[in-house]
Amino acid sequence: MKAIEVNHISRSYGKVKALQDVSFSVEKGEVFGLIGPDGAGKTSMFRILCTLLLPDEGTASVDGFDVVRQMKEIRRRVGYMPGKFSLYQDLTVEENLTFFATLFGTTVEEGYDSIKAIYSQIERFKDRKAGALSGGMKQKLALSCALVHQPSVLFLDEPTTGVDPVSRKEFWEMLATLKERGLTIVASTPYLDEVRQCERVAFLNEGRVQGIDRSEMILDRFKEVFNPPGIERGKKKEMVTVTQQQAERAERAGQAERTEQAGQENVIEVEHLVKAFGNFHAVDDISFSVRKGEIFGFLGANGAGKTTAMHMLTGLNQPTSGTGRVCGYDIRTQYEDIKRHIGYMSQKFSLYEDLTVAENIRLFAGIYGMRKEEIKAKSEKLLRQLKFEDHANDLVGSLPLGWKQKLAFSVSIFHEPGVVFLDEPTGGVDPATRRQFWELIYDAASRGITVFVTTHYMDEAEYCDRISIMVDGKISAIGTPEELKRSLHQPDMDHVFTYLARQATRSE
């Protein structure tokens with residue numbers, strides 16, 4: 001008997017066909033990937049298999065039980081980590097685990113042996129509220145909650161979105177241990193290194209299965225989706241290969257040193273910046289500068305201090321000590337001026353989902369103090385650029401994630417700020433859409449807008465002019481991607497990040 005069997009499943013939402021005649025099966029004890037671009041139908045499939053959504057047509061079974069007729073049996077046998085954070089932020093670690101155990105008619109004590117290897121890593125923080133945990137700790141708690149009733153099948157809908165590369169590796173090491181115990185795992189992920197951890201994958205696109213095979217075969221067969229061509233750069237719009245990008249960065253780095261010596265404008269200047277919460281220094285004496293039009297990557301593991309530093313630079317929080325200037329304004333005393341001269345896109349989606357695309361553009365343009373005539377002309381141009389002309393009156397909440405991200409970025413620079421701060425802007429977005437997003441970033445930088453970006457995608461780190469990597473609240477390394485790889489003797493930015501992040505000493 002198969003662990004999962006899906007036969008000719010279809011599901012529509014009004015005129016939108018989320019799933020169209022989908023069929024596949026999963027062996028017991030297999031790690032199976034359900035992959036595809038935004039809006040492909042992956043989440044709808046997960047919800048049907050977890051009995052949270054009824055199919056319009058077709059049949060499906062989990063552990064031999066029908067998803068329509070035997071819901072209760074399935075719910076006792078599956079664990080589910082949805083794409084959005086599934087924990088209760090205002091409950092403690094222990095309270096969350098107890099709550100989920102109670103939901104399934106069991107206790108933490110009864111299920112402890114099944115989660116011990118994972119939960120023991122965070123148990124010392126059992127009295128901390130879930131909302132105060134780092135991304136890696138949230139993962140471990142959410143996985144513990146999904147496993148506490150000892151399920152036979154585990155469904156993971158993009159479980160590592162927004163989590164740093166080291167924590168992602170640790171998460172998949174935990175999944176490998178679960179597989180050894182015979183657990184069947186079905187996962188979706190936008191990370192190619194995680195796709196390769198799956199034994200087989202089904203590639204969904206526009207609600208249909210395009211192929212089912214070993215992960216490497218699918219990634220190769222559909223490489224235009226998962227490994228799109230290089231980003232267009234420069235006036236000639238030439239396609240840039242990795243080698244060309246590296247050469248271009250090296251040239252820019254040399255030019256940067258010469259122009260900086262000649263007094264090139266710094267848009268951000270930070271000296272000995274500290275932010276303390278009691279005896280804990282979230283940001284611990286950092287200094288750096290960022291030049292006009294530069295794409296500056298600000299990297300670090302979850303809990304390293306990146307977001308705290310960004311909050312100080314954007315005027316959302318004041319430092320404990322040290323100095324900083326953004327667009328010429330002092331971060332201590334002129335934070336309201338800073339807010340008017342920057343753009344900001346947070347990792348939590350920053351637009352209003354119950355307003356239309358056009359209404360969001362007008363609202364934020366008005367907040368930035370733009371004139372009505374200017375807003376109208378620029379809105380039309382933006383909608384054409386994003387190919388959103390036919391979607392101006394669509395509610396933002398109805399758009400695919402990738403569309404929302406591109407719109408949020410475009411709105412954040414609508415007023416042509418001196419610098420735009422992007423806090424993990426492409427989390428959970430498929431490779432092709434991330435490529436389109438970075439084309440928007442390059443276009444903004446070419447117009448002189450400085451881009452200050454955090455990301456957990458190490459291929460995106462390669463796109464930056466310079467990078468700093470924070471460890472334990474301090475900047476552990478700073479330079480161009482080529483300089484960092486060369487000085488640390490690492491083959492790529494993923495290895496650079498892992499090498500530095502694993503030197504962290506302070507506890508979560």
# chains A, B, ... in the order shown; residues from 1 in each chain; ligands from 1
$ residues_around --residues "A:Ile4" --least-positions-apart "3" --cutoff "8 Å" --atoms "only C-alpha atoms" --output "list in words"
Ser25, Val26, Glu27, Lys28, Ala60, Ser61, Val62, Asp63 and Gly64 of chain A
$ write_last_selection --atoms "all heavy atoms" --output "mmCIF file, in the first residue's frame"
data_model
loop_
_atom_site.group_PDB
_atom_site.id
_atom_site.type_symbol
_atom_site.label_atom_id
_atom_site.label_comp_id
_atom_site.auth_asym_id
_atom_site.auth_seq_id
_atom_site.Cartn_x
_atom_site.Cartn_y
_atom_site.Cartn_z
ATOM 1 N N SER A 25 1.737 9.447 -6.607
ATOM 2 C CA SER A 25 1.727 8.602 -5.421
ATOM 3 C C SER A 25 3.054 8.735 -4.694
ATOM 4 O O SER A 25 4.071 9.124 -5.287
ATOM 5 C CB SER A 25 1.478 7.132 -5.796
ATOM 6 O OG SER A 25 2.528 6.650 -6.620
ATOM 7 N N VAL A 26 3.048 8.441 -3.398
ATOM 8 C CA VAL A 26 4.237 8.538 -2.550
ATOM 9 C C VAL A 26 4.410 7.220 -1.806
ATOM 10 O O VAL A 26 3.450 6.698 -1.220
ATOM 11 C CB VAL A 26 4.116 9.702 -1.533
ATOM 12 C CG1 VAL A 26 5.370 9.792 -0.679
ATOM 13 C CG2 VAL A 26 3.847 11.019 -2.255
ATOM 14 N N GLU A 27 5.616 6.674 -1.846
ATOM 15 C CA GLU A 27 5.902 5.418 -1.153
ATOM 16 C C GLU A 27 6.018 5.648 0.353
ATOM 17 O O GLU A 27 6.361 6.746 0.811
ATOM 18 C CB GLU A 27 7.218 4.824 -1.667
ATOM 19 C CG GLU A 27 7.251 4.533 -3.151
ATOM 20 C CD GLU A 27 6.362 3.367 -3.545
ATOM 21 O OE1 GLU A 27 6.069 2.531 -2.662
ATOM 22 O OE2 GLU A 27 5.964 3.299 -4.726
ATOM 23 N N LYS A 28 5.765 4.622 1.139
ATOM 24 C CA LYS A 28 5.965 4.708 2.588
ATOM 25 C C LYS A 28 7.447 4.954 2.883
ATOM 26 O O LYS A 28 8.323 4.329 2.290
ATOM 27 C CB LYS A 28 5.510 3.416 3.270
ATOM 28 C CG LYS A 28 4.006 3.292 3.421
ATOM 29 C CD LYS A 28 3.653 2.050 4.215
ATOM 30 C CE LYS A 28 2.155 1.944 4.446
ATOM 31 N NZ LYS A 28 1.635 3.013 5.302
ATOM 32 N N ALA A 60 -8.293 10.947 -3.292
ATOM 33 C CA ALA A 60 -6.958 10.912 -2.690
ATOM 34 C C ALA A 60 -7.044 10.153 -1.382
ATOM 35 O O ALA A 60 -8.070 10.188 -0.683
ATOM 36 C CB ALA A 60 -6.427 12.323 -2.458
ATOM 37 N N SER A 61 -5.953 9.451 -1.043
ATOM 38 C CA SER A 61 -5.911 8.724 0.224
ATOM 39 C C SER A 61 -4.562 8.916 0.889
ATOM 40 O O SER A 61 -3.544 9.116 0.224
ATOM 41 C CB SER A 61 -6.166 7.225 -0.008
ATOM 42 O OG SER A 61 -5.124 6.664 -0.794
ATOM 43 N N VAL A 62 -4.580 8.898 2.205
ATOM 44 C CA VAL A 62 -3.368 8.983 3.025
ATOM 45 C C VAL A 62 -3.384 7.794 3.978
ATOM 46 O O VAL A 62 -4.343 7.610 4.733
ATOM 47 C CB VAL A 62 -3.308 10.310 3.817
ATOM 48 C CG1 VAL A 62 -2.063 10.348 4.695
ATOM 49 C CG2 VAL A 62 -3.325 11.500 2.865
ATOM 50 N N ASP A 63 -2.333 6.965 3.922
ATOM 51 C CA ASP A 63 -2.268 5.734 4.714
ATOM 52 C C ASP A 63 -3.481 4.840 4.483
ATOM 53 O O ASP A 63 -3.961 4.154 5.395
ATOM 54 C CB ASP A 63 -2.134 6.061 6.209
ATOM 55 C CG ASP A 63 -0.677 6.020 6.668
ATOM 56 O OD1 ASP A 63 0.211 5.770 5.823
ATOM 57 O OD2 ASP A 63 -0.424 6.252 7.864
ATOM 58 N N GLY A 64 -4.015 4.889 3.265
ATOM 59 C CA GLY A 64 -5.146 4.042 2.912
ATOM 60 C C GLY A 64 -6.502 4.613 3.247
ATOM 61 O O GLY A 64 -7.530 4.003 2.945
#
$ residues_around --residues "stretch 419-425 of chain A" --least-positions-apart "4" --cutoff "6 Å" --atoms "only C-alpha atoms" --output "JSON, numbers by chain"
{"A": [342, 343, 344, 345, 346, 347, 449, 450, 451, 452, 453, 454, 455]}
$ select_by_dssp --residues "stretch 290-384 of chain A" --states "helix (DSSP H, G or I)" --output "count of residues only"
39
$ closest_residue --among "A:Lys292, A:Arg502, A:Lys306, A:His272" --to "A:Gly324" --atoms "only C-alpha atoms"
A:His272
$ closest_residue --among "A:Ser86, A:Ser412, A:Thr102, A:Ser468" --to "A:Ser289" --atoms "only C-alpha atoms"
A:Ser468
$ residues_around --residues "A:Met458" --least-positions-apart "4" --cutoff "9 Å" --atoms "only C-alpha atoms" --output "ChimeraX atom specification"
/A:165,462,492-494,497
$ write_last_selection --atoms "all heavy atoms" --output "mmCIF file, in the first residue's frame"
data_model
loop_
_atom_site.group_PDB
_atom_site.id
_atom_site.type_symbol
_atom_site.label_atom_id
_atom_site.label_comp_id
_atom_site.auth_asym_id
_atom_site.auth_seq_id
_atom_site.Cartn_x
_atom_site.Cartn_y
_atom_site.Cartn_z
ATOM 1 N N PRO A 165 20.748 29.926 6.147
ATOM 2 C CA PRO A 165 21.234 28.676 5.541
ATOM 3 C C PRO A 165 21.693 27.614 6.534
ATOM 4 O O PRO A 165 21.481 26.424 6.308
ATOM 5 C CB PRO A 165 22.409 29.146 4.666
ATOM 6 C CG PRO A 165 22.061 30.549 4.308
ATOM 7 C CD PRO A 165 21.384 31.103 5.529
ATOM 8 N N GLU A 462 25.578 36.833 -4.045
ATOM 9 C CA GLU A 462 26.534 36.996 -5.149
ATOM 10 C C GLU A 462 26.191 38.201 -6.018
ATOM 11 O O GLU A 462 27.051 38.738 -6.716
ATOM 12 C CB GLU A 462 26.551 35.734 -6.022
ATOM 13 C CG GLU A 462 26.973 34.466 -5.307
ATOM 14 C CD GLU A 462 28.472 34.243 -5.321
ATOM 15 O OE1 GLU A 462 29.198 35.120 -5.830
ATOM 16 O OE2 GLU A 462 28.910 33.189 -4.827
ATOM 17 N N ASP A 492 32.168 29.361 -2.499
ATOM 18 C CA ASP A 492 31.006 30.182 -2.832
ATOM 19 C C ASP A 492 30.486 30.849 -1.565
ATOM 20 O O ASP A 492 30.973 30.592 -0.457
ATOM 21 C CB ASP A 492 29.905 29.340 -3.495
ATOM 22 C CG ASP A 492 29.545 28.100 -2.684
ATOM 23 O OD1 ASP A 492 29.476 28.213 -1.438
ATOM 24 O OD2 ASP A 492 29.336 27.023 -3.276
ATOM 25 N N MET A 493 29.474 31.712 -1.735
ATOM 26 C CA MET A 493 28.970 32.468 -0.590
ATOM 27 C C MET A 493 28.241 31.580 0.418
ATOM 28 O O MET A 493 28.201 31.891 1.597
ATOM 29 C CB MET A 493 28.038 33.590 -1.069
ATOM 30 C CG MET A 493 28.775 34.787 -1.650
ATOM 31 S SD MET A 493 30.036 35.469 -0.522
ATOM 32 C CE MET A 493 29.044 35.830 0.928
ATOM 33 N N ASP A 494 27.670 30.494 -0.026
ATOM 34 C CA ASP A 494 27.028 29.568 0.903
ATOM 35 C C ASP A 494 28.056 29.021 1.894
ATOM 36 O O ASP A 494 27.806 28.970 3.102
ATOM 37 C CB ASP A 494 26.363 28.426 0.146
ATOM 38 C CG ASP A 494 25.580 27.507 1.067
ATOM 39 O OD1 ASP A 494 24.582 27.962 1.648
ATOM 40 O OD2 ASP A 494 25.983 26.337 1.210
ATOM 41 N N PHE A 497 29.200 31.890 4.275
ATOM 42 C CA PHE A 497 28.211 32.151 5.320
ATOM 43 C C PHE A 497 28.253 31.064 6.391
ATOM 44 O O PHE A 497 28.277 31.350 7.598
ATOM 45 C CB PHE A 497 26.813 32.233 4.708
ATOM 46 C CG PHE A 497 25.737 32.583 5.699
ATOM 47 C CD1 PHE A 497 25.333 33.888 5.853
ATOM 48 C CD2 PHE A 497 25.143 31.610 6.493
ATOM 49 C CE1 PHE A 497 24.352 34.228 6.781
ATOM 50 C CE2 PHE A 497 24.171 31.935 7.415
ATOM 51 C CZ PHE A 497 23.774 33.245 7.561
#
$ select_by_dssp --residues "stretch 33-160 of chain A" --states "strand (DSSP E or B)" --output "PDB file with N, CA and C atoms, in the first residue's frame"
ATOM      1  N   GLY A  33       9.075  15.571  -2.843  1.00  0.00           N
ATOM      2  CA  GLY A  33       8.954  17.010  -3.008  1.00  0.00           C
ATOM      3  C   GLY A  33       7.795  17.393  -3.906  1.00  0.00           C
ATOM      4  N   LEU A  34       7.052  18.420  -3.491  1.00  0.00           N
ATOM      5  CA  LEU A  34       5.991  19.000  -4.306  1.00  0.00           C
ATOM      6  C   LEU A  34       6.454  20.416  -4.628  1.00  0.00           C
ATOM      7  N   ILE A  35       6.947  20.642  -5.854  1.00  0.00           N
ATOM      8  CA  ILE A  35       7.629  21.894  -6.160  1.00  0.00           C
ATOM      9  C   ILE A  35       6.981  22.591  -7.349  1.00  0.00           C
ATOM     10  N   GLU A  57     -13.072  17.348  -7.831  1.00  0.00           N
ATOM     11  CA  GLU A  57     -13.111  16.088  -8.565  1.00  0.00           C
ATOM     12  C   GLU A  57     -11.928  15.227  -8.140  1.00  0.00           C
ATOM     13  N   GLY A  58     -12.044  13.916  -8.376  1.00  0.00           N
ATOM     14  CA  GLY A  58     -10.948  13.006  -8.106  1.00  0.00           C
ATOM     15  C   GLY A  58     -10.955  12.460  -6.693  1.00  0.00           C
ATOM     16  N   THR A  59      -9.996  11.570  -6.416  1.00  0.00           N
ATOM     17  CA  THR A  59      -9.886  10.947  -5.099  1.00  0.00           C
ATOM     18  C   THR A  59      -8.445  11.018  -4.602  1.00  0.00           C
ATOM     19  N   ALA A  60      -8.293  10.947  -3.292  1.00  0.00           N
ATOM     20  CA  ALA A  60      -6.958  10.912  -2.690  1.00  0.00           C
ATOM     21  C   ALA A  60      -7.044  10.153  -1.382  1.00  0.00           C
ATOM     22  N   SER A  61      -5.953   9.451  -1.043  1.00  0.00           N
ATOM     23  CA  SER A  61      -5.911   8.724   0.224  1.00  0.00           C
ATOM     24  C   SER A  61      -4.562   8.916   0.889  1.00  0.00           C
ATOM     25  N   VAL A  62      -4.580   8.898   2.205  1.00  0.00           N
ATOM     26  CA  VAL A  62      -3.368   8.983   3.025  1.00  0.00           C
ATOM     27  C   VAL A  62      -3.384   7.794   3.978  1.00  0.00           C
ATOM     28  N   PHE A  65      -6.552   5.787   3.862  1.00  0.00           N
ATOM     29  CA  PHE A  65      -7.824   6.396   4.254  1.00  0.00           C
ATOM     30  C   PHE A  65      -8.197   7.519   3.285  1.00  0.00           C
ATOM     31  N   ASP A  66      -9.462   7.576   2.910  1.00  0.00           N
ATOM     32  CA  ASP A  66      -9.955   8.546   1.937  1.00  0.00           C
ATOM     33  C   ASP A  66     -10.052   9.938   2.564  1.00  0.00           C
ATOM     34  N   VAL A  78      -1.496  12.356  10.479  1.00  0.00           N
ATOM     35  CA  VAL A  78      -0.626  13.299   9.758  1.00  0.00           C
ATOM     36  C   VAL A  78      -0.147  14.434  10.669  1.00  0.00           C
ATOM     37  N   GLY A  79       1.043  14.929  10.368  1.00  0.00           N
ATOM     38  CA  GLY A  79       1.547  16.166  10.952  1.00  0.00           C
ATOM     39  C   GLY A  79       1.638  17.192   9.837  1.00  0.00           C
ATOM     40  N   TYR A  80       1.398  18.473  10.152  1.00  0.00           N
ATOM     41  CA  TYR A  80       1.337  19.500   9.107  1.00  0.00           C
ATOM     42  C   TYR A  80       1.998  20.783   9.591  1.00  0.00           C
ATOM     43  N   MET A  81       2.989  21.243   8.826  1.00  0.00           N
ATOM     44  CA  MET A  81       3.575  22.564   9.043  1.00  0.00           C
ATOM     45  C   MET A  81       3.200  23.437   7.855  1.00  0.00           C
ATOM     46  N   THR A  92       4.062  30.384  25.350  1.00  0.00           N
ATOM     47  CA  THR A  92       5.456  29.961  25.503  1.00  0.00           C
ATOM     48  C   THR A  92       5.723  28.707  24.674  1.00  0.00           C
ATOM     49  N   LYS A 129       8.325  33.052  25.063  1.00  0.00           N
ATOM     50  CA  LYS A 129       7.204  33.118  24.137  1.00  0.00           C
ATOM     51  C   LYS A 129       7.672  32.808  22.721  1.00  0.00           C
ATOM     52  N   VAL A 153       2.745  10.325   8.580  1.00  0.00           N
ATOM     53  CA  VAL A 153       3.023  11.149   7.404  1.00  0.00           C
ATOM     54  C   VAL A 153       3.169  12.596   7.844  1.00  0.00           C
ATOM     55  N   LEU A 154       4.206  13.267   7.327  1.00  0.00           N
ATOM     56  CA  LEU A 154       4.487  14.658   7.688  1.00  0.00           C
ATOM     57  C   LEU A 154       4.426  15.523   6.441  1.00  0.00           C
ATOM     58  N   PHE A 155       3.559  16.553   6.465  1.00  0.00           N
ATOM     59  CA  PHE A 155       3.429  17.490   5.355  1.00  0.00           C
ATOM     60  C   PHE A 155       4.087  18.821   5.738  1.00  0.00           C
ATOM     61  N   LEU A 156       5.004  19.295   4.889  1.00  0.00           N
ATOM     62  CA  LEU A 156       5.765  20.516   5.166  1.00  0.00           C
ATOM     63  C   LEU A 156       5.615  21.475   3.993  1.00  0.00           C
ATOM     64  N   ASP A 157       4.883  22.560   4.189  1.00  0.00           N
ATOM     65  CA  ASP A 157       4.649  23.534   3.120  1.00  0.00           C
ATOM     66  C   ASP A 157       5.616  24.700   3.289  1.00  0.00           C
TER      67      ASP A 157
END
$ residues_around --residues "A:Gln318" --least-positions-apart "2" --cutoff "8 Å" --atoms "only C-alpha atoms" --output "PDB file with all heavy atoms, in the first residue's frame"
ATOM      1  N   LYS A 275      23.302  48.445  20.317  1.00  0.00           N
ATOM      2  CA  LYS A 275      21.948  48.404  20.832  1.00  0.00           C
ATOM      3  C   LYS A 275      21.878  47.297  21.875  1.00  0.00           C
ATOM      4  O   LYS A 275      22.072  46.116  21.564  1.00  0.00           O
ATOM      5  CB  LYS A 275      20.929  48.136  19.719  1.00  0.00           C
ATOM      6  CG  LYS A 275      19.483  48.113  20.217  1.00  0.00           C
ATOM      7  CD  LYS A 275      19.064  49.468  20.774  1.00  0.00           C
ATOM      8  CE  LYS A 275      17.629  49.476  21.269  1.00  0.00           C
ATOM      9  NZ  LYS A 275      17.213  50.801  21.769  1.00  0.00           N
ATOM     10  N   MET A 312      17.408  50.539  13.628  1.00  0.00           N
ATOM     11  CA  MET A 312      18.079  51.791  14.007  1.00  0.00           C
ATOM     12  C   MET A 312      18.338  52.666  12.782  1.00  0.00           C
ATOM     13  O   MET A 312      18.147  53.883  12.817  1.00  0.00           O
ATOM     14  CB  MET A 312      19.387  51.492  14.740  1.00  0.00           C
ATOM     15  CG  MET A 312      19.195  50.942  16.142  1.00  0.00           C
ATOM     16  SD  MET A 312      20.737  50.799  17.075  1.00  0.00           S
ATOM     17  CE  MET A 312      21.410  49.286  16.370  1.00  0.00           C
ATOM     18  N   GLY A 315      15.192  54.510  11.554  1.00  0.00           N
ATOM     19  CA  GLY A 315      14.525  55.417  12.476  1.00  0.00           C
ATOM     20  C   GLY A 315      13.449  54.780  13.319  1.00  0.00           C
ATOM     21  O   GLY A 315      12.689  55.477  13.999  1.00  0.00           O
ATOM     22  N   LEU A 316      13.363  53.458  13.309  1.00  0.00           N
ATOM     23  CA  LEU A 316      12.337  52.762  14.097  1.00  0.00           C
ATOM     24  C   LEU A 316      12.785  52.519  15.533  1.00  0.00           C
ATOM     25  O   LEU A 316      11.973  52.203  16.395  1.00  0.00           O
ATOM     26  CB  LEU A 316      11.990  51.423  13.435  1.00  0.00           C
ATOM     27  CG  LEU A 316      11.390  51.510  12.032  1.00  0.00           C
ATOM     28  CD1 LEU A 316      11.205  50.115  11.446  1.00  0.00           C
ATOM     29  CD2 LEU A 316      10.056  52.260  12.061  1.00  0.00           C
ATOM     30  N   THR A 320      21.788  52.490  21.620  1.00  0.00           N
ATOM     31  CA  THR A 320      22.240  52.686  22.991  1.00  0.00           C
ATOM     32  C   THR A 320      23.473  53.579  23.017  1.00  0.00           C
ATOM     33  O   THR A 320      23.621  54.454  23.866  1.00  0.00           O
ATOM     34  CB  THR A 320      22.563  51.317  23.640  1.00  0.00           C
ATOM     35  OG1 THR A 320      21.408  50.479  23.563  1.00  0.00           O
ATOM     36  CG2 THR A 320      22.979  51.486  25.092  1.00  0.00           C
ATOM     37  N   ILE A 331      20.767  59.391  13.003  1.00  0.00           N
ATOM     38  CA  ILE A 331      19.781  58.372  13.395  1.00  0.00           C
ATOM     39  C   ILE A 331      19.287  58.564  14.826  1.00  0.00           C
ATOM     40  O   ILE A 331      18.240  58.025  15.203  1.00  0.00           O
ATOM     41  CB  ILE A 331      20.343  56.946  13.232  1.00  0.00           C
ATOM     42  CG1 ILE A 331      21.545  56.702  14.141  1.00  0.00           C
ATOM     43  CG2 ILE A 331      20.701  56.668  11.780  1.00  0.00           C
ATOM     44  CD1 ILE A 331      22.024  55.251  14.142  1.00  0.00           C
ATOM     45  N   ARG A 332      20.022  59.345  15.624  1.00  0.00           N
ATOM     46  CA  ARG A 332      19.603  59.594  17.012  1.00  0.00           C
ATOM     47  C   ARG A 332      18.557  60.702  17.110  1.00  0.00           C
ATOM     48  O   ARG A 332      17.592  60.593  17.871  1.00  0.00           O
ATOM     49  CB  ARG A 332      20.806  59.987  17.874  1.00  0.00           C
ATOM     50  CG  ARG A 332      21.705  58.841  18.294  1.00  0.00           C
ATOM     51  CD  ARG A 332      22.888  59.407  19.104  1.00  0.00           C
ATOM     52  NE  ARG A 332      23.611  58.362  19.779  1.00  0.00           N
ATOM     53  CZ  ARG A 332      23.252  57.793  20.924  1.00  0.00           C
ATOM     54  NH1 ARG A 332      22.143  58.181  21.511  1.00  0.00           N
ATOM     55  NH2 ARG A 332      23.970  56.841  21.465  1.00  0.00           N
TER      56      ARG A 332
END
$ residues_around --residues "stretch 390-392 of chain A" --least-positions-apart "2" --cutoff "10 Å" --atoms "only C-alpha atoms" --output "MDAnalysis selection string"
chainID A and resid 356:361 379:380 383:384 387:388 394:396 399
$ residues_around --residues "stretch 137-150 of chain A" --least-positions-apart "6" --cutoff "9 Å" --atoms "only C-alpha atoms" --output "ChimeraX atom specification"
/A:76-81,85-87,93,96-101,104-108,110-116,118-119,121-122,130-131,159-160,163,167,171,508
$ write_last_selection --atoms "N, CA and C atoms" --output "short mmCIF file (atom, residue, chain, number, x, y, z; two decimals), in the first residue's frame"
data_model
loop_
_atom_site.label_atom_id
_atom_site.label_comp_id
_atom_site.auth_asym_id
_atom_site.auth_seq_id
_atom_site.Cartn_x
_atom_site.Cartn_y
_atom_site.Cartn_z
N ARG A 76 -5.55 11.97 12.59
CA ARG A 76 -4.78 11.35 13.68
C ARG A 76 -3.41 10.89 13.20
N ARG A 77 -3.26 10.73 11.87
CA ARG A 77 -2.06 10.12 11.32
C ARG A 77 -1.11 11.09 10.63
N VAL A 78 -1.50 12.36 10.48
CA VAL A 78 -0.63 13.30 9.76
C VAL A 78 -0.15 14.43 10.67
N GLY A 79 1.04 14.93 10.37
CA GLY A 79 1.55 16.17 10.95
C GLY A 79 1.64 17.19 9.84
N TYR A 80 1.40 18.47 10.15
CA TYR A 80 1.34 19.50 9.11
C TYR A 80 2.00 20.78 9.59
N MET A 81 2.99 21.24 8.83
CA MET A 81 3.58 22.56 9.04
C MET A 81 3.20 23.44 7.86
N PHE A 85 3.56 30.87 9.62
CA PHE A 85 3.94 30.43 10.96
C PHE A 85 2.74 29.85 11.70
N SER A 86 2.86 28.60 12.16
CA SER A 86 1.72 27.84 12.69
C SER A 86 1.62 27.88 14.21
N LEU A 87 2.52 28.58 14.87
CA LEU A 87 2.52 28.59 16.33
C LEU A 87 1.76 29.80 16.87
N VAL A 93 6.99 28.35 24.61
CA VAL A 93 7.38 27.12 23.92
C VAL A 93 6.62 25.93 24.49
N ASN A 96 2.79 26.02 23.76
CA ASN A 96 2.48 25.63 22.39
C ASN A 96 2.49 24.12 22.24
N LEU A 97 3.54 23.48 22.76
CA LEU A 97 3.66 22.03 22.63
C LEU A 97 2.52 21.31 23.35
N THR A 98 2.19 21.77 24.54
CA THR A 98 1.10 21.17 25.31
C THR A 98 -0.22 21.33 24.58
N PHE A 99 -0.44 22.52 24.00
CA PHE A 99 -1.69 22.78 23.27
C PHE A 99 -1.85 21.81 22.09
N PHE A 100 -0.79 21.64 21.30
CA PHE A 100 -0.89 20.76 20.14
C PHE A 100 -1.05 19.30 20.56
N ALA A 101 -0.40 18.90 21.65
CA ALA A 101 -0.58 17.54 22.14
C ALA A 101 -2.04 17.31 22.54
N PHE A 104 -4.58 16.63 19.78
CA PHE A 104 -4.57 15.28 19.23
C PHE A 104 -4.84 14.21 20.29
N GLY A 105 -5.34 14.65 21.45
CA GLY A 105 -5.74 13.70 22.48
C GLY A 105 -4.59 12.95 23.11
N THR A 106 -3.43 13.58 23.17
CA THR A 106 -2.28 12.94 23.80
C THR A 106 -1.63 13.94 24.76
N THR A 107 -0.47 13.58 25.28
CA THR A 107 0.27 14.47 26.17
C THR A 107 1.71 14.58 25.69
N VAL A 108 2.39 15.61 26.15
CA VAL A 108 3.80 15.79 25.80
C VAL A 108 4.60 14.59 26.31
N GLU A 110 3.64 11.46 26.70
CA GLU A 110 3.42 10.28 25.86
C GLU A 110 4.20 10.37 24.55
N GLY A 111 4.29 11.57 23.97
CA GLY A 111 4.95 11.72 22.69
C GLY A 111 6.39 12.18 22.76
N TYR A 112 6.93 12.30 24.00
CA TYR A 112 8.24 12.92 24.16
C TYR A 112 9.35 12.16 23.43
N ASP A 113 9.31 10.85 23.48
CA ASP A 113 10.38 10.08 22.84
C ASP A 113 10.45 10.34 21.33
N SER A 114 9.30 10.63 20.71
CA SER A 114 9.28 10.85 19.26
C SER A 114 9.83 12.23 18.88
N ILE A 115 9.87 13.17 19.84
CA ILE A 115 10.36 14.51 19.53
C ILE A 115 11.63 14.87 20.31
N LYS A 116 12.10 13.96 21.14
CA LYS A 116 13.21 14.27 22.06
C LYS A 116 14.43 14.84 21.34
N ILE A 118 14.70 16.55 18.71
CA ILE A 118 14.49 17.92 18.22
C ILE A 118 14.17 18.87 19.37
N TYR A 119 13.20 18.49 20.21
CA TYR A 119 12.73 19.39 21.26
C TYR A 119 13.80 19.65 22.32
N GLN A 121 16.71 20.41 21.95
CA GLN A 121 17.57 21.52 21.54
C GLN A 121 17.00 22.88 21.95
N ILE A 122 15.70 22.94 22.22
CA ILE A 122 15.08 24.22 22.60
C ILE A 122 14.40 24.15 23.96
N ALA A 130 6.81 32.11 21.97
CA ALA A 130 7.19 31.69 20.62
C ALA A 130 7.54 32.87 19.73
N GLY A 131 6.85 34.00 19.92
CA GLY A 131 7.11 35.19 19.11
C GLY A 131 8.50 35.75 19.30
N PRO A 159 8.66 24.97 4.82
CA PRO A 159 8.91 25.14 6.26
C PRO A 159 10.11 26.00 6.60
N THR A 160 11.02 26.24 5.65
CA THR A 160 12.26 26.95 5.98
C THR A 160 12.32 28.36 5.40
N VAL A 163 14.49 31.47 6.90
CA VAL A 163 15.44 30.90 7.86
C VAL A 163 16.83 30.88 7.23
N SER A 167 20.62 27.13 9.68
CA SER A 167 19.43 26.54 10.31
C SER A 167 18.66 25.66 9.33
N PHE A 171 17.75 21.74 9.82
CA PHE A 171 16.37 21.27 9.70
C PHE A 171 16.30 20.02 8.83
N GLU A 508 20.98 31.35 21.85
CA GLU A 508 19.81 32.02 21.30
C GLU A 508 19.15 32.87 22.38
#
$ atom_distance --atom1 "atom CA of A:Leu484" --atom2 "atom CA of A:His456"
16.7 Å
$ residues_around --residues "A:Asp21" --least-positions-apart "4" --cutoff "9 Å" --atoms "only C-alpha atoms" --output "list in words"
Asn7, His8, Ile9, Ser10, Arg11, Glu57, Gly58, Gly207, Arg208 and Val209 of chain A
$ closest_residue --among "A:Ser487, A:Ser350, A:Thr426, A:Ser12" --to "A:Pro190" --atoms "only C-alpha atoms"
A:Thr426
$ atom_distance --atom1 "atom CA of A:Ala282" --atom2 "atom CA of A:Asp472"
7.6 Å
